[in-house]
Amino acid sequence: MKSGNNDSKRIERRARIMIMEKDIPPSKMEIVRSLIKNDTLLNDEKYGAVIDLIQNCPEKKIIPEKQGRKIKTDPPGSATKESSANRVQPEAVKPEPVFGPVRASVFINLLASKYRETGFYKKKIILRHHRFPGFVFYKRLVPSRNLYKAMKLIVDSQQKIASRMPFIMDAILNDQEIEDPTVYNYLRVLNVWMNEIPLLAIRYENSVHLRNDDFLNEFSSYIKYFTSFMDVNTEIKERIISVVELKLRLLTLGANEIENRSQEKSGAQSEKIIYDYMMTFRSFLPLNGIPNGLVDKQLEKKYKIQTLSHFILNITESLLFRHETDFNEIRKYFKIQPLSVSTEKWMCSENDLKLAGKDESSRMKKYRENLKVRIEPLDEIYEFTQMKFAGLTLLKKAFDDQWKILNKRRYDYGDFYNENFFVFMDECLSYFTSALMPFIDGTQINFIRPDGTSVNSCLFEKEYFSRDLSMLNDLLSDMASYRADNPTMKITSEEMRKILTGQLSTFNDVRQLMFRIGSLFYNFAEDIHLLYRLHNQWSMLENREDSDNEKPLSRNAVFNNPVTDITEFSPVPRAFPFYSCRIGKGSISLPHIRLFSGKPMWGESINDSLILFFTGFCFQIAFECDEERLHNNLVQRKELKTRLTELIGRI
């Protein structure tokens, strides 16, 4: 007993000597004072903690004085006592905050009180051999069996996530529609984290003897993963959750789990599996301090811990740092950055990429094929704008038919296209209303089938183009008024180009009329072009059915959604009505019958296809009016073809 007292006094004496000799910062001096005044600690414990705290502080520097100290004296009779009000008080020094792990026991009682309700820890007095002769007693928090149970709950949830993660990642990797590897790469890192199992590999009986460094080694990797995922952008987290749930639904949800059940029960069981998995999955994409999943609910219910992030903070304070802390200090101490993964390169082997068709060679090949698919409709649009009939553009052919056949003029009309472009365009609109409009406004047409029988029907119901045709009527009225107000005006094609580009601002009213014409006819051309492409897709199907006798088209039947980009539509392929028929004479001699009697509805060339002529005519009207959407399509075509040429050169 006497020997123990001597050791205690030696430790105290050494501590006091160090206090006198060491240059101790004010923040540490505050802790030293609080330790010395703490009567709840044993002498060897508190003075041992003082030695640990200040032993690395530098020695005090002693500067010898070269001259004797000068003592300032006041003249006799002038001595005045300085008032306490005028005396300058030394500025109070705020103690620096504690950072990182603390080996002293000063905060143990506070932490024990803070987490008593959880039952995660027990206070333990641990005897340690000190390098100074003798022993030192340390007060520590050590894990309880409750902490092991809570850790087991979390690890079981991790294993539930990890059990399906490889299948989900394979489904993402093999999905040819997914080009962005971001979600896959995040899941790759998450899967590594889910296989981290801290503490449970250590027997409970041995955990009470673990040092501070042992707990740091055990939990540091887990804490880094958790915090880095917590700092991931919320939008990315929701994107990851969405993709995982989608792939989980597409996978077989464990045949053994729903075996021998009715279909209804099987579906309910599948939904329960998906729900439980996704709620567990959400727990490991944590929001800072906000409950976000099944693990959070279980921790709250069983251990009064609000979330998994609170649990991590709890572990760090009690076993690693041994003082109150926050995630900012955790980030700083462990040098944790928000998790960032590659958005271009897949985090998997080259062999896996090859099998999935996403290696560099396959990717370039797929990109090239995708470019070709995107260029194809744009090439068709370009061909429509350049299409000719008997050596004439379709507009000039239409003007010629309007002049000679419909208007029956016997004299030569000259070069209206170059010399009087506005009148040329007006005549083309007249041709459209007389010869082509009956094919889209619901007019009954006589169709001759390949077997010689005939049927009277229409290509489109009246409602299909009703809005566009109403706009056409307004446009024709405005054109007629303008020509009546300007009977002698002539605008050459060169002048019209300048008007459309805004170089002749005095003709702004003409410019607006031309833009209206271009926009309207682009609408006609876009709709018919879409149906043209759908028919071509239908014609390549193996088990297609002849649809010559199908009911006329209606807008609702053709489009589920409005067409916004002709290069990215996805309606179901279908045949164009009466595609194998010819135009019959019928009982009424109308202009369109006179011009197109006996002409095939569908063919490979402009000479034997009314649909090609109609679509090309509308695109060429839009082209002459410098329609913006058409212009953008042609510019995009040029850019894509340049990109394709460069790609082929690289390959």
# chains A, B, ... in the order shown; residues from 1 in each chain; ligands from 1

$ residues_around --residues "Leu250 of chain A" --least-positions-apart "5" --cutoff "12 Å" --atoms "only C-alpha atoms" --output "mmCIF file with C-alpha atoms, in the first residue's frame"
data_model
loop_
_atom_site.group_PDB
_atom_site.id
_atom_site.type_symbol
_atom_site.label_atom_id
_atom_site.label_comp_id
_atom_site.auth_asym_id
_atom_site.auth_seq_id
_atom_site.Cartn_x
_atom_site.Cartn_y
_atom_site.Cartn_z
ATOM 1 C CA PHE A 167 -27.364 -8.661 -59.899
ATOM 2 C CA ILE A 168 -28.569 -5.057 -59.942
ATOM 3 C CA ALA A 171 -28.526 -5.414 -65.010
ATOM 4 C CA ILE A 172 -27.344 -1.796 -65.256
ATOM 5 C CA ASP A 175 -28.723 -2.354 -70.241
ATOM 6 C CA VAL A 243 -32.447 3.173 -61.081
ATOM 7 C CA VAL A 244 -31.986 0.508 -58.379
ATOM 8 C CA GLU A 245 -35.742 0.190 -57.841
ATOM 9 C CA SER A 270 -42.905 -9.303 -54.413
ATOM 10 C CA ILE A 274 -39.089 -4.520 -53.102
#

$ residues_around --residues "segment 304-319 of chain A" --least-positions-apart "5" --cutoff "8 Å" --atoms "only C-alpha atoms" --output "short mmCIF file (atom, residue, chain, number, x, y, z; two decimals) with C-alpha atoms, in the first residue's frame"
data_model
loop_
_atom_site.label_atom_id
_atom_site.label_comp_id
_atom_site.auth_asym_id
_atom_site.auth_seq_id
_atom_site.Cartn_x
_atom_site.Cartn_y
_atom_site.Cartn_z
CA ILE A 108 -15.99 10.44 -19.94
CA LEU A 111 -20.46 11.14 -22.53
CA TYR A 115 -25.65 8.07 -23.95
CA GLU A 117 -30.35 5.78 -22.35
CA THR A 118 -28.96 3.78 -25.27
CA LEU A 141 -16.17 3.96 -21.99
CA VAL A 142 -16.16 0.43 -23.38
CA ASN A 212 -8.09 4.34 -28.59
CA PHE A 215 -11.09 1.66 -32.21
CA ILE A 223 -16.91 6.24 -41.04
CA SER A 283 -30.66 4.09 -45.01
CA PRO A 286 -28.14 9.06 -45.60
CA ASN A 288 -27.59 14.62 -42.62
CA GLY A 289 -29.50 13.85 -39.42
CA ILE A 290 -32.85 13.21 -41.19
CA PRO A 291 -34.51 9.76 -40.90
CA ASN A 292 -34.37 8.18 -44.34
CA VAL A 295 -32.46 1.09 -40.34
CA ASP A 296 -33.18 4.54 -38.93
CA LYS A 297 -36.62 3.38 -37.77
CA LEU A 299 -32.48 2.25 -34.29
CA GLU A 324 -18.32 15.70 -28.10
CA THR A 325 -17.82 16.31 -31.80
CA ASP A 326 -19.68 16.87 -35.08
CA PHE A 327 -19.35 15.77 -38.71
#

$ select_by_dssp --residues "segment 312-484 of chain A" --states "strand (DSSP E or B)" --output "number ranges by chain"
A: 388-389, 392-393, 445-448, 454-457, 460

$ write_last_selection --atoms "N, CA and C atoms" --output "PDB file, in the first residue's frame"
ATOM      1  N   LYS A 388     -37.001  16.396-107.443  1.00  0.00           N
ATOM      2  CA  LYS A 388     -37.433  16.993-108.714  1.00  0.00           C
ATOM      3  C   LYS A 388     -38.357  16.040-109.460  1.00  0.00           C
ATOM      4  N   PHE A 389     -39.196  16.626-110.315  1.00  0.00           N
ATOM      5  CA  PHE A 389     -40.114  15.856-111.158  1.00  0.00           C
ATOM      6  C   PHE A 389     -39.909  16.334-112.590  1.00  0.00           C
ATOM      7  N   LEU A 392     -37.765  19.401-112.946  1.00  0.00           N
ATOM      8  CA  LEU A 392     -38.201  20.618-112.259  1.00  0.00           C
ATOM      9  C   LEU A 392     -38.336  20.353-110.764  1.00  0.00           C
ATOM     10  N   THR A 393     -38.050  21.375-109.957  1.00  0.00           N
ATOM     11  CA  THR A 393     -38.373  21.237-108.536  1.00  0.00           C
ATOM     12  C   THR A 393     -39.882  21.053-108.421  1.00  0.00           C
ATOM     13  N   ILE A 445     -62.509  10.079-101.515  1.00  0.00           N
ATOM     14  CA  ILE A 445     -61.706   9.797-102.710  1.00  0.00           C
ATOM     15  C   ILE A 445     -61.986   8.372-103.156  1.00  0.00           C
ATOM     16  N   ASN A 446     -61.985   8.184-104.474  1.00  0.00           N
ATOM     17  CA  ASN A 446     -62.191   6.842-105.028  1.00  0.00           C
ATOM     18  C   ASN A 446     -60.832   6.146-105.162  1.00  0.00           C
ATOM     19  N   PHE A 447     -60.661   5.015-104.418  1.00  0.00           N
ATOM     20  CA  PHE A 447     -59.413   4.247-104.460  1.00  0.00           C
ATOM     21  C   PHE A 447     -59.653   2.941-105.206  1.00  0.00           C
ATOM     22  N   ILE A 448     -58.717   2.611-106.124  1.00  0.00           N
ATOM     23  CA  ILE A 448     -58.777   1.354-106.876  1.00  0.00           C
ATOM     24  C   ILE A 448     -57.784   0.379-106.252  1.00  0.00           C
ATOM     25  N   SER A 454     -63.076  -1.102-106.158  1.00  0.00           N
ATOM     26  CA  SER A 454     -62.874   0.278-105.710  1.00  0.00           C
ATOM     27  C   SER A 454     -63.594   0.521-104.389  1.00  0.00           C
ATOM     28  N   VAL A 455     -63.152   1.554-103.682  1.00  0.00           N
ATOM     29  CA  VAL A 455     -63.767   1.946-102.418  1.00  0.00           C
ATOM     30  C   VAL A 455     -63.659   3.456-102.295  1.00  0.00           C
ATOM     31  N   ASN A 456     -64.732   4.082-101.815  1.00  0.00           N
ATOM     32  CA  ASN A 456     -64.711   5.519-101.553  1.00  0.00           C
ATOM     33  C   ASN A 456     -64.422   5.747-100.064  1.00  0.00           C
ATOM     34  N   SER A 457     -63.357   6.469 -99.790  1.00  0.00           N
ATOM     35  CA  SER A 457     -62.993   6.748 -98.398  1.00  0.00           C
ATOM     36  C   SER A 457     -62.084   7.971 -98.380  1.00  0.00           C
ATOM     37  N   PHE A 460     -57.559  10.876 -94.284  1.00  0.00           N
ATOM     38  CA  PHE A 460     -57.547  11.440 -92.937  1.00  0.00           C
ATOM     39  C   PHE A 460     -58.950  11.917 -92.581  1.00  0.00           C
TER      40      PHE A 460
END

$ select_by_dssp --residues "segment 306-503 of chain A" --states "alpha helix (DSSP H)" --output "ChimeraX atom specification"
/A:308-315,327-334,350-356,360-386,394-401,416-419,421-431,466-485,493-500

$ residues_around --residues "Val341 of chain A" --least-positions-apart "3" --cutoff "7 Å" --atoms "only C-alpha atoms" --output "list in words"
Thr182, Asn185 and Tyr186 of chain A

$ atom_distance --atom1 "atom CA of Leu630 of chain A" --atom2 "atom CA of Asn486 of chain A"
29.8 Å

$ residues_around --residues "Phe334 of chain A" --least-positions-apart "6" --cutoff "12 Å" --atoms "only C-alpha atoms" --output "ChimeraX atom specification"
/A:99-101,216-217,219-228,316,320-321,327-328

$ write_last_selection --atoms "N, CA and C atoms" --output "compact mmCIF listing (two decimals), in the first residue's frame"
# COMPACT_ATOMS: atom_id res chain seq x y z
N PHE A 99 -9.62 18.95 -30.58
CA PHE A 99 -9.69 18.40 -31.94
C PHE A 99 -9.14 16.98 -31.94
N GLY A 100 -9.89 16.06 -32.58
CA GLY A 100 -9.43 14.69 -32.73
C GLY A 100 -9.49 13.91 -31.43
N PRO A 101 -8.85 12.75 -31.40
CA PRO A 101 -8.89 11.89 -30.22
C PRO A 101 -8.25 12.53 -29.00
N LEU A 216 -9.97 3.35 -33.54
CA LEU A 216 -9.76 4.16 -34.75
C LEU A 216 -9.54 3.26 -35.96
N ASN A 217 -8.69 2.27 -35.82
CA ASN A 217 -8.43 1.34 -36.92
C ASN A 217 -9.67 0.55 -37.31
N PHE A 219 -12.94 1.44 -36.96
CA PHE A 219 -14.10 2.19 -37.48
C PHE A 219 -13.76 3.24 -38.53
N SER A 220 -12.49 3.60 -38.71
CA SER A 220 -12.16 4.75 -39.57
C SER A 220 -12.64 4.55 -41.00
N SER A 221 -12.41 3.36 -41.57
CA SER A 221 -12.83 3.11 -42.96
C SER A 221 -14.35 3.19 -43.10
N TYR A 222 -15.06 2.61 -42.15
CA TYR A 222 -16.53 2.62 -42.18
C TYR A 222 -17.06 4.05 -42.10
N ILE A 223 -16.47 4.85 -41.20
CA ILE A 223 -16.91 6.24 -41.04
C ILE A 223 -16.63 7.05 -42.30
N LYS A 224 -15.52 6.79 -42.96
CA LYS A 224 -15.20 7.51 -44.20
C LYS A 224 -16.23 7.21 -45.28
N TYR A 225 -16.57 5.92 -45.45
CA TYR A 225 -17.59 5.56 -46.44
C TYR A 225 -18.92 6.24 -46.11
N PHE A 226 -19.32 6.15 -44.85
CA PHE A 226 -20.62 6.70 -44.45
C PHE A 226 -20.69 8.21 -44.73
N THR A 227 -19.68 8.93 -44.27
CA THR A 227 -19.69 10.40 -44.40
C THR A 227 -19.60 10.83 -45.86
N SER A 228 -18.78 10.13 -46.66
CA SER A 228 -18.66 10.52 -48.07
C SER A 228 -19.97 10.29 -48.81
N THR A 316 -18.24 7.66 -32.65
CA THR A 316 -17.04 8.50 -32.76
C THR A 316 -16.76 9.24 -31.47
N LEU A 320 -13.88 6.77 -30.16
CA LEU A 320 -12.75 7.23 -30.98
C LEU A 320 -12.17 8.55 -30.49
N PHE A 321 -13.00 9.60 -30.44
CA PHE A 321 -12.50 10.93 -30.06
C PHE A 321 -12.56 11.16 -28.55
N PHE A 327 -19.86 16.33 -37.45
CA PHE A 327 -19.35 15.77 -38.71
C PHE A 327 -18.34 16.69 -39.38
N ASN A 328 -18.36 17.98 -39.07
CA ASN A 328 -17.34 18.86 -39.64
C ASN A 328 -15.95 18.48 -39.12

$ residues_around --residues "segment 602-614 of chain A" --least-positions-apart "5" --cutoff "9 Å" --atoms "only C-alpha atoms" --output "PDB file with N, CA, C and O atoms, in the first residue's frame"
ATOM      1  N   PHE A 384     -36.048  15.359 -99.694  1.00  0.00           N
ATOM      2  CA  PHE A 384     -37.340  15.958-100.043  1.00  0.00           C
ATOM      3  C   PHE A 384     -37.168  17.398-100.530  1.00  0.00           C
ATOM      4  O   PHE A 384     -37.844  17.836-101.466  1.00  0.00           O
ATOM      5  N   MET A 387     -35.893  17.237-104.121  1.00  0.00           N
ATOM      6  CA  MET A 387     -36.608  16.336-105.028  1.00  0.00           C
ATOM      7  C   MET A 387     -37.097  17.073-106.284  1.00  0.00           C
ATOM      8  O   MET A 387     -37.558  18.217-106.210  1.00  0.00           O
ATOM      9  N   LYS A 388     -37.001  16.396-107.443  1.00  0.00           N
ATOM     10  CA  LYS A 388     -37.433  16.993-108.714  1.00  0.00           C
ATOM     11  C   LYS A 388     -38.357  16.040-109.460  1.00  0.00           C
ATOM     12  O   LYS A 388     -38.314  14.827-109.278  1.00  0.00           O
ATOM     13  N   PHE A 389     -39.196  16.626-110.315  1.00  0.00           N
ATOM     14  CA  PHE A 389     -40.114  15.856-111.158  1.00  0.00           C
ATOM     15  C   PHE A 389     -39.909  16.334-112.590  1.00  0.00           C
ATOM     16  O   PHE A 389     -40.129  17.512-112.891  1.00  0.00           O
ATOM     17  N   ALA A 390     -39.456  15.434-113.449  1.00  0.00           N
ATOM     18  CA  ALA A 390     -39.184  15.772-114.857  1.00  0.00           C
ATOM     19  C   ALA A 390     -38.223  16.941-114.971  1.00  0.00           C
ATOM     20  O   ALA A 390     -38.397  17.848-115.800  1.00  0.00           O
ATOM     21  N   LEU A 394     -40.342  20.480-107.320  1.00  0.00           N
ATOM     22  CA  LEU A 394     -41.767  20.194-107.174  1.00  0.00           C
ATOM     23  C   LEU A 394     -42.598  21.473-107.163  1.00  0.00           C
ATOM     24  O   LEU A 394     -43.744  21.471-107.623  1.00  0.00           O
ATOM     25  N   LEU A 436     -53.934  19.309-103.796  1.00  0.00           N
ATOM     26  CA  LEU A 436     -53.420  18.449-102.728  1.00  0.00           C
ATOM     27  C   LEU A 436     -54.270  18.447-101.463  1.00  0.00           C
ATOM     28  O   LEU A 436     -54.328  17.435-100.758  1.00  0.00           O
ATOM     29  N   ALA A 525     -45.678  18.853 -93.603  1.00  0.00           N
ATOM     30  CA  ALA A 525     -44.605  17.953 -94.031  1.00  0.00           C
ATOM     31  C   ALA A 525     -44.155  17.041 -92.895  1.00  0.00           C
ATOM     32  O   ALA A 525     -43.917  15.843 -93.096  1.00  0.00           O
ATOM     33  N   ILE A 528     -46.800  14.165 -92.268  1.00  0.00           N
ATOM     34  CA  ILE A 528     -46.815  13.148 -93.323  1.00  0.00           C
ATOM     35  C   ILE A 528     -45.500  12.377 -93.359  1.00  0.00           C
ATOM     36  O   ILE A 528     -45.479  11.165 -93.587  1.00  0.00           O
ATOM     37  N   HIS A 529     -44.387  13.066 -93.083  1.00  0.00           N
ATOM     38  CA  HIS A 529     -43.089  12.392 -93.042  1.00  0.00           C
ATOM     39  C   HIS A 529     -43.054  11.343 -91.933  1.00  0.00           C
ATOM     40  O   HIS A 529     -42.498  10.244 -92.111  1.00  0.00           O
ATOM     41  N   TYR A 532     -44.944   8.426 -93.128  1.00  0.00           N
ATOM     42  CA  TYR A 532     -44.122   7.788 -94.158  1.00  0.00           C
ATOM     43  C   TYR A 532     -43.086   6.862 -93.514  1.00  0.00           C
ATOM     44  O   TYR A 532     -42.894   5.714 -93.943  1.00  0.00           O
ATOM     45  N   PHE A 576     -49.626   2.831 -93.988  1.00  0.00           N
ATOM     46  CA  PHE A 576     -50.366   4.003 -94.452  1.00  0.00           C
ATOM     47  C   PHE A 576     -51.649   3.507 -95.136  1.00  0.00           C
ATOM     48  O   PHE A 576     -51.608   2.536 -95.904  1.00  0.00           O
ATOM     49  N   PHE A 578     -54.560   2.593 -97.572  1.00  0.00           N
ATOM     50  CA  PHE A 578     -54.710   2.490 -99.029  1.00  0.00           C
ATOM     51  C   PHE A 578     -53.374   2.646 -99.752  1.00  0.00           C
ATOM     52  O   PHE A 578     -53.312   3.164-100.859  1.00  0.00           O
ATOM     53  N   TYR A 579     -52.282   2.201 -99.097  1.00  0.00           N
ATOM     54  CA  TYR A 579     -50.952   2.394 -99.668  1.00  0.00           C
ATOM     55  C   TYR A 579     -50.771   1.632-100.987  1.00  0.00           C
ATOM     56  O   TYR A 579     -49.973   2.025-101.829  1.00  0.00           O
ATOM     57  N   SER A 580     -51.532   0.536-101.192  1.00  0.00           N
ATOM     58  CA  SER A 580     -51.345  -0.263-102.414  1.00  0.00           C
ATOM     59  C   SER A 580     -52.356   0.102-103.505  1.00  0.00           C
ATOM     60  O   SER A 580     -52.437  -0.571-104.529  1.00  0.00           O
ATOM     61  N   CYS A 581     -53.108   1.178-103.289  1.00  0.00           N
ATOM     62  CA  CYS A 581     -54.170   1.561-104.236  1.00  0.00           C
ATOM     63  C   CYS A 581     -53.701   2.656-105.186  1.00  0.00           C
ATOM     64  O   CYS A 581     -52.679   3.300-104.982  1.00  0.00           O
ATOM     65  N   ARG A 582     -54.535   2.832-106.241  1.00  0.00           N
ATOM     66  CA  ARG A 582     -54.358   3.958-107.164  1.00  0.00           C
ATOM     67  C   ARG A 582     -55.539   4.898-107.000  1.00  0.00           C
ATOM     68  O   ARG A 582     -56.594   4.516-106.483  1.00  0.00           O
ATOM     69  N   PHE A 596     -54.214  13.632-110.706  1.00  0.00           N
ATOM     70  CA  PHE A 596     -53.636  12.428-110.113  1.00  0.00           C
ATOM     71  C   PHE A 596     -54.404  11.151-110.424  1.00  0.00           C
ATOM     72  O   PHE A 596     -54.124  10.114-109.832  1.00  0.00           O
ATOM     73  N   PHE A 619     -42.248  20.276 -97.876  1.00  0.00           N
ATOM     74  CA  PHE A 619     -40.902  20.598 -97.391  1.00  0.00           C
ATOM     75  C   PHE A 619     -40.271  21.695 -98.243  1.00  0.00           C
ATOM     76  O   PHE A 619     -39.558  22.568 -97.716  1.00  0.00           O
TER      77      PHE A 619
END
